[in-house]
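Shown next: start-v7.csv, given as CSV, C-alpha atoms.
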chain,number,residue,atom,x,y,z
A,483,MET,CA,73.1,125.7,82.9
A,484,GLN,CA,69.5,126.7,82.4
A,485,VAL,CA,68.4,130.1,83.6
A,486,ASN,CA,65.4,128.8,85.7
A,487,GLY,CA,66.6,125.3,86.3
A,488,ILE,CA,64.5,122.2,85.4
A,489,SER,CA,61.8,120.4,87.2
A,490,GLU,CA,62.5,117.7,89.8
A,491,GLU,CA,60.9,115.2,87.5
A,492,GLU,CA,63.1,116.1,84.6
A,493,LEU,CA,66.2,116.2,86.7
A,494,PHE,CA,65.7,112.7,88.1
A,495,SER,CA,64.7,111.3,84.8
A,496,PHE,CA,68.1,112.4,83.5
A,497,LEU,CA,69.9,111.1,86.5
A,498,SER,CA,68.0,107.7,86.2
A,499,LEU,CA,69.3,107.4,82.7
A,500,LYS,CA,72.9,107.9,83.9
A,501,LYS,CA,72.4,105.5,86.8
A,502,ASP,CA,71.3,102.9,84.3
A,503,GLU,CA,74.7,103.2,82.7
A,504,ASP,CA,76.2,102.0,86.1
A,505,SER,CA,73.6,99.3,86.6
A,506,ASN,CA,75.8,96.4,85.6
A,507,TYR,CA,78.1,96.8,88.6
A,508,HIS,CA,77.7,93.1,89.5
A,509,HIS,CA,79.5,92.4,86.2
A,510,VAL,CA,82.5,94.6,87.3
A,511,LEU,CA,85.2,92.2,88.5
A,512,SER,CA,88.0,94.8,88.5
A,513,SER,CA,87.0,97.2,91.3
A,514,MET,CA,88.6,97.3,94.8
A,515,CYS,CA,85.5,99.2,96.0
A,516,THR,CA,82.1,97.7,96.4
A,517,ILE,CA,78.5,98.4,97.0
A,518,PRO,CA,78.3,100.1,100.4
A,519,HIS,CA,76.8,98.1,103.3
A,520,PRO,CA,73.2,99.3,104.0
A,521,VAL,CA,74.3,100.2,107.5
A,522,ALA,CA,77.0,102.5,106.0
A,523,VAL,CA,74.5,104.2,103.8
A,524,ARG,CA,72.0,104.8,106.6
A,525,ALA,CA,74.7,106.2,108.9
A,526,HIS,CA,76.1,108.4,106.1
A,527,GLN,CA,72.7,109.9,105.5
A,528,MET,CA,72.4,110.8,109.2
A,529,PHE,CA,75.6,112.8,109.0
A,530,ILE,CA,75.3,114.1,105.4
A,531,GLU,CA,76.1,117.7,106.4
A,532,ALA,CA,78.9,116.9,108.8
A,533,ASN,CA,82.2,118.5,107.8
A,534,LEU,CA,85.3,117.3,109.7
A,535,GLY,CA,87.3,120.1,108.2
A,536,ASP,CA,85.9,122.2,111.0
A,537,PRO,CA,85.6,119.7,113.8
A,538,GLY,CA,84.5,122.1,116.5
A,539,LEU,CA,81.2,122.5,114.6
A,540,PHE,CA,80.6,118.8,114.6
A,541,PRO,CA,81.8,117.4,117.9
A,542,GLY,CA,79.7,114.3,117.7
A,543,THR,CA,81.2,113.4,114.3
A,544,THR,CA,84.6,114.2,115.5
A,545,SER,CA,84.3,111.8,118.4
A,546,ILE,CA,83.2,109.1,116.0
A,547,GLU,CA,86.3,109.7,113.9
A,548,GLU,CA,88.4,109.2,117.0
A,549,LEU,CA,86.5,105.9,117.7
A,550,LEU,CA,87.2,104.8,114.1
A,551,VAL,CA,90.9,105.4,114.6
A,552,GLU,CA,90.9,103.6,117.9
A,553,ARG,CA,89.0,100.6,116.3
A,554,LEU,CA,91.5,100.4,113.4
A,555,GLY,CA,94.5,100.8,115.8
A,556,THR,CA,93.2,98.0,118.0
A,557,LEU,CA,92.8,95.8,114.9
A,558,PHE,CA,96.4,96.6,114.0
A,559,HIS,CA,97.5,95.8,117.6
A,560,HIS,CA,98.2,99.5,118.7
A,561,PRO,CA,95.0,101.1,120.2
A,562,LYS,CA,97.0,104.2,121.0
A,563,ALA,CA,98.0,104.9,117.4
A,564,GLY,CA,97.5,108.4,116.1
A,565,GLY,CA,95.6,108.9,113.0
A,566,TYR,CA,92.7,110.4,111.1
A,567,ALA,CA,90.3,109.6,108.3
A,568,THR,CA,91.6,110.4,104.9
A,569,SER,CA,90.0,110.4,101.5
A,570,GLY,CA,91.7,107.1,100.6
A,571,GLY,CA,95.0,105.4,100.1
A,572,THR,CA,96.5,108.2,97.8
A,573,GLU,CA,96.1,110.8,100.6
A,574,SER,CA,97.2,108.4,103.3
A,575,ASN,CA,100.4,107.5,101.4
A,576,LEU,CA,101.2,111.1,100.6
A,577,GLN,CA,100.7,112.2,104.2
A,578,ALA,CA,102.9,109.4,105.5
A,579,LEU,CA,105.7,110.4,103.2
A,580,ARG,CA,105.3,114.1,104.2
A,581,ILE,CA,105.7,113.1,107.9
A,582,PHE,CA,108.9,111.0,107.3
A,583,ALA,CA,110.5,113.5,104.9
A,584,LYS,CA,110.1,116.2,107.5
A,585,MET,CA,111.5,113.9,110.2
A,586,LYS,CA,114.5,113.1,108.1
A,587,GLY,CA,115.3,116.7,107.2
A,588,SER,CA,117.6,115.7,104.4
A,589,ARG,CA,118.2,118.1,101.5
A,590,ARG,CA,117.9,115.1,99.0
A,591,PRO,CA,115.5,112.6,100.6
A,592,ASN,CA,114.6,109.4,98.9
A,593,VAL,CA,111.8,106.8,99.4
A,594,VAL,CA,112.3,103.1,98.6
A,595,VAL,CA,109.2,101.4,97.3
A,596,PRO,CA,108.5,97.9,95.9
A,597,GLU,CA,108.0,97.6,92.1
A,598,SER,CA,104.4,96.6,93.0
A,599,ALA,CA,103.7,99.9,94.8
A,600,HIS,CA,100.5,101.8,94.0
A,601,PHE,CA,100.9,104.6,91.5
A,602,SER,CA,99.9,107.0,94.3
A,603,PHE,CA,103.6,106.9,95.5
A,604,GLU,CA,104.7,108.3,92.1
A,605,LYS,CA,102.3,111.1,92.6
A,606,ALA,CA,103.4,111.7,96.2
A,607,CYS,CA,107.1,111.8,95.3
A,608,ASP,CA,106.4,114.2,92.5
A,609,ILE,CA,104.4,116.5,94.8
A,610,LEU,CA,107.0,116.3,97.6
A,611,SER,CA,110.1,116.4,95.4
A,612,LEU,CA,111.3,113.0,96.7
A,613,GLU,CA,113.5,110.6,94.8
A,614,MET,CA,111.6,107.3,94.4
A,615,ARG,CA,113.7,104.2,94.3
A,616,THR,CA,112.2,100.9,93.2
A,617,VAL,CA,113.0,97.4,94.5
A,618,PRO,CA,112.2,94.7,92.0
A,619,SER,CA,109.7,91.9,92.6
A,620,ASP,CA,110.5,88.3,92.9
A,621,GLU,CA,108.8,85.6,90.8
A,622,THR,CA,105.7,85.8,93.1
A,623,PHE,CA,105.3,89.6,92.5
A,624,ARG,CA,106.4,90.3,96.1
A,625,MET,CA,109.2,92.6,97.1
A,626,ASP,CA,112.7,91.0,96.6
A,627,VAL,CA,114.0,91.7,100.1
A,628,ASP,CA,117.5,90.8,99.1
A,629,ALA,CA,117.6,93.8,96.8
A,630,LEU,CA,116.2,96.2,99.4
A,631,GLN,CA,119.4,97.4,101.1
A,632,ASP,CA,121.0,98.1,97.7
A,633,GLN,CA,118.5,101.0,97.3
A,634,MET,CA,118.8,102.4,100.8
A,635,ASP,CA,121.3,105.0,101.9
A,636,GLU,CA,121.8,107.9,104.4
A,637,ASN,CA,119.1,110.0,102.6
A,638,THR,CA,116.4,107.3,102.7
A,639,CYS,CA,113.5,108.8,104.7
A,640,CYS,CA,111.1,106.0,104.3
A,641,VAL,CA,110.7,102.4,103.1
A,642,VAL,CA,107.4,101.2,101.8
A,643,ALA,CA,105.9,97.7,101.8
A,644,VAL,CA,102.5,96.7,100.5
A,645,ALA,CA,100.1,94.5,102.4
A,646,GLY,CA,97.8,93.5,99.5
A,647,THR,CA,99.0,94.6,96.1
A,648,THR,CA,96.4,96.1,93.9
A,649,GLU,CA,97.5,94.1,90.9
A,650,TYR,CA,98.1,90.6,92.3
A,651,GLY,CA,96.6,90.5,95.8
A,652,VAL,CA,99.9,89.4,97.5
A,653,VAL,CA,101.6,90.7,100.6
A,654,ASP,CA,105.2,91.7,100.7
A,655,PRO,CA,107.4,90.0,103.3
A,656,VAL,CA,106.7,92.9,105.7
A,657,LYS,CA,108.4,91.1,108.6
A,658,ALA,CA,111.7,90.9,106.8
A,659,VAL,CA,111.3,94.5,105.5
A,660,SER,CA,110.5,95.7,109.0
A,661,GLU,CA,113.7,94.1,110.4
A,662,ILE,CA,115.9,95.8,107.8
A,663,ALA,CA,114.2,99.2,108.2
A,664,HIS,CA,114.3,99.0,112.0
A,665,ASP,CA,118.0,98.1,112.0
A,666,ALA,CA,118.7,101.0,109.7
A,667,GLY,CA,116.7,103.4,111.7
A,668,VAL,CA,114.4,104.1,108.8
A,669,PRO,CA,110.6,104.4,109.1
A,670,LEU,CA,108.5,101.7,107.4
A,671,HIS,CA,105.2,102.7,105.9
A,672,VAL,CA,102.8,99.8,105.1
A,673,ASP,CA,100.3,100.4,102.4
A,674,ALA,CA,97.4,98.2,103.5
A,675,ALA,CA,94.8,100.2,101.7
A,676,PHE,CA,93.2,96.9,100.5
A,677,GLY,CA,94.7,94.3,102.7
A,678,GLY,CA,94.2,96.1,106.0
A,679,LEU,CA,90.6,94.9,106.3
A,680,VAL,CA,91.3,91.5,104.9
A,681,ILE,CA,94.5,90.1,106.5
A,682,PRO,CA,93.3,90.4,110.1
A,683,PHE,CA,90.4,88.1,109.3
A,684,LEU,CA,92.2,85.4,107.5
A,685,ASP,CA,92.7,82.0,109.1
A,686,HIS,CA,96.4,82.1,108.4
A,687,LYS,CA,98.2,85.0,110.0
A,688,ILE,CA,100.4,87.3,107.9
A,689,PRO,CA,102.5,89.7,109.9
A,690,PHE,CA,102.1,93.3,108.6
A,691,ASP,CA,101.0,95.6,111.4
A,692,PHE,CA,102.3,97.4,114.6
A,693,THR,CA,103.3,94.1,116.2
A,694,LEU,CA,106.4,94.5,114.0
A,695,PRO,CA,108.7,97.1,115.7
A,696,GLY,CA,109.8,98.5,112.3
A,697,VAL,CA,106.3,99.4,111.2
A,698,SER,CA,105.8,103.2,111.7
A,699,SER,CA,102.6,103.8,109.8
A,700,ILE,CA,99.8,102.0,108.0
A,701,ALA,CA,97.3,103.1,105.3
A,702,VAL,CA,93.9,101.4,105.2
A,703,ASP,CA,90.8,102.0,103.2
A,704,PRO,CA,87.4,101.3,104.9
A,705,HIS,CA,85.7,102.2,101.5
A,706,LYS,CA,87.2,99.0,100.1
A,707,MET,CA,86.7,95.8,102.1
A,708,GLY,CA,85.3,97.9,104.9
A,709,MET,CA,82.2,98.4,102.7
A,710,SER,CA,81.9,102.1,103.7
A,711,THR,CA,80.6,104.8,101.5
A,712,ILE,CA,83.1,106.6,99.4
A,713,PRO,CA,85.5,108.3,100.2
A,714,CYS,CA,86.9,107.0,103.5
A,715,GLY,CA,90.5,106.0,104.0
A,716,GLY,CA,92.7,106.1,107.1
A,717,LEU,CA,96.3,106.8,108.1
A,718,LEU,CA,97.6,105.5,111.4
A,719,ALA,CA,101.0,106.2,112.9
A,720,ARG,CA,102.8,104.6,115.8
A,721,GLU,CA,103.4,107.9,117.5
A,722,PRO,CA,100.4,110.4,117.5
A,723,SER,CA,102.8,113.3,117.9
A,724,TRP,CA,104.2,112.8,114.4
A,725,PHE,CA,101.0,114.4,113.0
A,726,GLY,CA,102.1,117.6,114.6
A,727,LEU,CA,104.8,117.9,111.9
A,728,LEU,CA,102.0,118.5,109.4
A,729,ASN,CA,100.1,121.2,111.3
A,730,VAL,CA,99.3,124.5,109.7
A,731,GLU,CA,97.6,127.5,111.2
A,732,THR,CA,93.8,127.6,110.7
A,733,PRO,CA,92.9,130.9,112.5
A,734,TYR,CA,89.3,131.2,111.3
A,735,LEU,CA,88.2,127.7,112.2
A,736,THR,CA,87.1,126.3,115.6
A,737,VAL,CA,90.5,124.6,115.8
A,738,LYS,CA,93.6,126.7,115.3
A,739,GLN,CA,95.8,124.0,113.7
A,740,GLU,CA,95.1,121.1,111.4
A,741,CYS,CA,97.4,118.3,110.1
A,742,THR,CA,95.0,117.0,107.4
A,743,LEU,CA,95.7,117.4,103.7
A,744,ALA,CA,92.1,118.1,102.7
A,745,GLY,CA,90.2,121.0,104.2
A,746,THR,CA,86.6,119.9,103.9
A,747,ARG,CA,86.2,116.3,104.8
A,748,SER,CA,83.1,114.1,104.7
A,749,GLY,CA,81.9,113.2,108.2
A,750,GLY,CA,79.2,111.0,106.7
A,751,ALA,CA,81.7,108.5,105.1
A,752,VAL,CA,83.6,108.4,108.3
A,753,VAL,CA,80.5,107.5,110.4
A,754,GLY,CA,79.6,105.0,107.7
A,755,ALA,CA,82.9,103.3,108.1
A,756,PHE,CA,82.6,103.2,111.9
A,757,ALA,CA,79.0,101.9,111.6
A,758,VAL,CA,80.0,98.9,109.5
A,759,LEU,CA,82.8,97.8,111.8
A,760,GLU,CA,80.6,98.2,114.9
A,761,TYR,CA,77.6,96.4,113.3
A,762,LEU,CA,79.5,93.4,111.9
A,763,GLY,CA,82.2,93.1,114.6
A,764,MET,CA,85.1,90.8,114.2
A,765,SER,CA,83.0,87.7,113.5
A,766,GLY,CA,80.9,89.5,110.8
A,767,MET,CA,84.0,90.9,109.1
A,768,LYS,CA,85.6,87.5,109.2
A,769,ALA,CA,82.5,86.0,107.5
A,770,VAL,CA,82.7,88.6,104.7
A,771,VAL,CA,86.3,87.9,104.1
A,772,GLU,CA,85.8,84.2,104.2
A,773,GLY,CA,83.1,84.5,101.6
A,774,CYS,CA,85.3,86.6,99.3
A,775,MET,CA,88.2,84.2,99.7
A,776,LYS,CA,86.0,81.2,99.0
A,777,ASN,CA,84.8,82.9,95.8
A,778,THR,CA,88.3,83.7,94.8
A,779,ARG,CA,89.3,80.0,95.1
A,780,ARG,CA,86.2,79.0,93.1
A,781,LEU,CA,87.0,81.4,90.3
A,782,ILE,CA,90.6,80.2,90.1
A,783,GLU,CA,89.5,76.6,90.1
A,784,GLY,CA,86.9,77.3,87.4
A,785,MET,CA,89.2,79.4,85.2
A,786,GLU,CA,91.9,76.8,85.3
A,787,THR,CA,89.4,74.2,84.2
A,788,PHE,CA,89.0,76.3,81.0
A,789,GLY,CA,92.8,76.6,80.6
A,790,TYR,CA,93.3,80.0,82.1
A,791,ARG,CA,96.4,79.6,84.3
A,792,ARG,CA,96.7,81.7,87.4
A,793,ALA,CA,99.6,84.2,87.3
A,794,VAL,CA,100.2,83.7,91.1
A,795,THR,CA,98.5,82.2,94.1
A,796,PRO,CA,97.2,85.3,95.9
A,797,ASP,CA,97.1,86.0,99.6
A,798,LEU,CA,93.9,88.0,99.3
A,799,ASN,CA,90.8,88.1,97.2
A,800,VAL,CA,92.4,89.0,93.9
A,801,ALA,CA,92.8,86.5,91.1
A,802,THR,CA,95.0,87.0,88.0
A,803,PHE,CA,95.4,84.8,84.9
A,804,GLU,CA,97.9,84.4,82.1
A,805,ALA,CA,95.3,84.0,79.4
A,806,GLY,CA,93.1,87.0,78.6
A,807,THR,CA,89.9,86.7,76.6
A,808,VAL,CA,86.9,88.1,78.5
A,809,PRO,CA,83.2,87.5,77.6
A,810,PRO,CA,81.2,90.6,76.4
A,811,GLY,CA,79.6,92.6,79.1
A,812,TRP,CA,82.1,91.9,81.8
A,813,ARG,CA,84.6,94.3,83.2
A,814,VAL,CA,88.1,93.1,84.2
A,815,SER,CA,91.4,94.9,84.1
A,816,ARG,CA,95.0,94.1,83.1
A,817,THR,CA,98.1,94.3,85.2
A,818,ARG,CA,101.2,96.1,83.9
A,819,ARG,CA,102.5,92.6,82.8
A,820,GLY,CA,99.3,92.0,80.8
A,821,HIS,CA,97.6,89.5,83.2
A,822,MET,CA,93.8,89.4,83.5
A,823,ARG,CA,92.9,90.8,86.9
A,824,THR,CA,89.8,90.2,88.9
A,825,VAL,CA,88.8,91.1,92.5
A,826,MET,CA,86.3,89.2,94.5
A,827,MET,CA,84.6,92.0,96.4
A,828,PRO,CA,81.5,91.5,98.5
A,829,HIS,CA,79.2,92.4,95.5
A,830,VAL,CA,80.9,89.6,93.4
A,831,THR,CA,78.7,86.8,94.9
A,832,ARG,CA,78.9,83.1,94.1
A,833,ASP,CA,76.1,83.5,91.6
A,834,VAL,CA,78.1,86.2,89.8
A,835,ILE,CA,81.2,83.9,89.7
A,836,GLU,CA,79.1,81.0,88.3
A,837,GLU,CA,77.6,83.3,85.7
A,838,PHE,CA,81.0,84.5,84.6
A,839,LEU,CA,82.4,81.0,84.4
A,840,GLN,CA,79.4,79.9,82.4
A,841,ASP,CA,80.0,82.8,79.9
A,842,ILE,CA,83.7,81.8,79.8
A,843,GLY,CA,82.8,78.2,79.0
A,844,GLU,CA,80.3,79.3,76.3
A,845,MET,CA,82.9,81.6,74.7
A,846,ASP,CA,85.5,78.9,74.5
A,847,ALA,CA,83.1,76.2,73.3
Mind turning the file's structure into structure tokens?
Amino acid sequence: MQVNGISEEELFSFLSLKKDEDSNYHHVLSSMCTIPHPVAVRAHQMFIEANLGDPGLFPGTTSIEELLVERLGTLFHHPKAGGYATSGGTESNLQALRIFAKMKGSRRPNVVVPESAHFSFEKACDILSLEMRTVPSDETFRMDVDALQDQMDENTCCVVAVAGTTEYGVVDPVKAVSEIAHDAGVPLHVDAAFGGLVIPFLDHKIPFDFTLPGVSSIAVDPHKMGMSTIPCGGLLAREPSWFGLLNVETPYLTVKQECTLAGTRSGGAVVGAFAVLEYLGMSGMKAVVEGCMKNTRRLIEGMETFGYRRAVTPDLNVATFEAGTVPPGWRVSRTRRGHMRTVMMPHVTRDVIEEFLQDIGEMDA
């Protein structure tokens, strides 16, 4: 750090060089985040200083967070759900497990997750000293429900299902999982960080939300398909009172108790998430999802023309392939099983898909 700092011109010249390193984002086919909607950016800038960590100082921002939770709860068929805006799926999943571990009160609690579960559950179980038990996937990379009960016992504090796996874009059989969990009296947490803002807008309905009596909580990330600024996730629970289990004393703040994991929380990102949902509405969000799904089908069709077999038919806008060569300059990722993985986010337009397929074709020529 320089003693007297540098000029604004020098600073932004340096930052521009670094921004140029990120300028090929339209060639990134592996991200579950996307370029924020302009409405989200504008809204975020209006609330740039808002800190939801001390909500009494920012009552307007706090009321918007409450509206965001209500909008998401309504989307998931439970307008009265409790919740708050998190930093993303990792925090949401950890907080859900905290709630259910406290509710269980077992000295040796365990959590049962599908093989496809996000790595955030491994972190959460490590932090909370929970035993993590894994249910294998079937041939479609969804949870094998027949193997679920074998992993559950009297110390199981939570079962997890995934509505939109990060690797393959498939949805676990949440309805069947819900029935098993409900019958056993065990809470079911649905990780819909990605799928939560996709599934409700599909033409074919996939049950995953509070309409299922066994579903106790849902994680959703507006900074993914909600096109909000980063970071903005959300955790919703069937019973708002459950968040009281997480309260700690905050004597020097304007509120005297808080249940959140983070202290300082960006109000700007929360307002950005709310703004996009309000601006686009159900019809606008449906159009975005339809476009992403259409591009997903086009990519699969084109890749199979070049001999790249799909690993699975996805429920959401994720496409995976058994073959793996990628043209230079493009960013894809690999699943733990070695499949090429791509995600058709809103920034991955039809033109981008066609450019990628053209490069695939030239590479194989």
Give one line per residue of range 725-834 of chain A that approaches range 577-592 of chain A to at most 8 Å, naming the two atoms of the closest pair and their distance in Å to one decimal, counting only C-alpha atoms; sort by chain then ascending residue number and deliver it as CSV.
residue,atom,partner,partner_atom,distance
A:Phe725,CA,A:Ile581,CA,7.1
A:Leu727,CA,A:Ile581,CA,6.3
A:Leu728,CA,A:Ile581,CA,6.7
A:Leu743,CA,A:Gln577,CA,7.2
Could you make a table, as a tab-separated table, of the residues of range 653-703 of chain A that have an atom within 8 Å of an atom of range 614-627 of chain A, each with its nearest atom pair and distance in Å to one decimal, counting only C-alpha atoms, in chain and number order?
residue	atom	partner	partner_atom	distance
A:Val653	CA	A:Arg624	CA	6.6
A:Asp654	CA	A:Arg624	CA	5.0
A:Pro655	CA	A:Met625	CA	7.0
A:Ala658	CA	A:Val627	CA	7.1
A:Val659	CA	A:Val627	CA	6.7
Do a neighbour search on range 492-507 of chain A at 10 Å with all atoms listed in the file, toss out local chain neighbours closer than 2 positions, and write the hits as a PyMOL selection string. chain A and resi 487-490+509-511+513+516-517+811-813+829-830
How far is it from CA of Tyr566 in chain A to CA of Gly677 in chain A, in Å with one decimal?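 Here the two named atoms are 18.3 Å from each other.
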Do a neighbour search on Asp673 in chain A at 6 Å with only C-alpha atoms, toss out local chain neighbours closer than 5 positions, and write the hits as a ChimeraX atom specification. /A:644-645,700-701
Can you work out the spacing between CA of Lys706 in chain A and CA of Glu772 in chain A in Å, to one decimal?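 One can read the CA of Lys706 in chain A to CA of Glu772 in chain A distance as 15.4 Å.
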Using all atoms listed in the file, find the one residue out of A:Leu798, A:Leu554, A:Ala663, A:Ala719 that sits nearest to Gly763 in chain A.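 Comparing A:Leu798, A:Leu554, A:Ala663, A:Ala719 against Gly763 in chain A, the winner is A:Leu554.
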Quick test: take range 509-523 of chain A, keep N, CA and C atoms, and write it as a short mmCIF file (atom, residue, chain, number, x, y, z; two decimals), in the first residue's frame.
data_model
loop_
_atom_site.label_atom_id
_atom_site.label_comp_id
_atom_site.auth_asym_id
_atom_site.auth_seq_id
_atom_site.Cartn_x
_atom_site.Cartn_y
_atom_site.Cartn_z
N HIS A 509 -18.23 -16.30 -22.78
CA HIS A 509 -17.66 -17.59 -23.13
C HIS A 509 -17.60 -18.53 -21.92
N VAL A 510 -18.16 -18.09 -20.79
CA VAL A 510 -18.21 -18.93 -19.59
C VAL A 510 -19.52 -19.72 -19.59
N LEU A 511 -19.41 -21.02 -19.79
CA LEU A 511 -20.58 -21.88 -19.86
C LEU A 511 -20.71 -22.76 -18.62
N SER A 512 -19.98 -22.44 -17.55
CA SER A 512 -19.98 -23.30 -16.38
C SER A 512 -20.52 -22.62 -15.13
N SER A 513 -20.93 -21.36 -15.24
CA SER A 513 -21.35 -20.60 -14.06
C SER A 513 -22.85 -20.71 -13.82
N MET A 514 -23.25 -20.81 -12.54
CA MET A 514 -24.66 -20.75 -12.18
C MET A 514 -25.07 -19.36 -11.74
N CYS A 515 -24.15 -18.41 -11.86
CA CYS A 515 -24.49 -17.00 -11.72
C CYS A 515 -24.44 -16.38 -13.11
N THR A 516 -24.92 -15.16 -13.21
CA THR A 516 -25.02 -14.54 -14.53
C THR A 516 -24.83 -13.04 -14.40
N ILE A 517 -24.83 -12.35 -15.51
CA ILE A 517 -24.74 -10.90 -15.48
C ILE A 517 -26.02 -10.36 -14.86
N PRO A 518 -25.91 -9.54 -13.83
CA PRO A 518 -27.13 -9.04 -13.17
C PRO A 518 -28.02 -8.27 -14.13
N HIS A 519 -29.30 -8.37 -13.90
CA HIS A 519 -30.26 -7.59 -14.68
C HIS A 519 -30.01 -6.11 -14.41
N PRO A 520 -30.12 -5.24 -15.44
CA PRO A 520 -29.90 -3.80 -15.21
C PRO A 520 -30.77 -3.21 -14.10
N VAL A 521 -31.98 -3.74 -13.93
CA VAL A 521 -32.84 -3.26 -12.86
C VAL A 521 -32.23 -3.60 -11.49
N ALA A 522 -31.61 -4.77 -11.38
CA ALA A 522 -30.96 -5.14 -10.13
C ALA A 522 -29.79 -4.22 -9.83
N VAL A 523 -29.01 -3.90 -10.85
CA VAL A 523 -27.85 -3.02 -10.67
C VAL A 523 -28.29 -1.63 -10.22
#
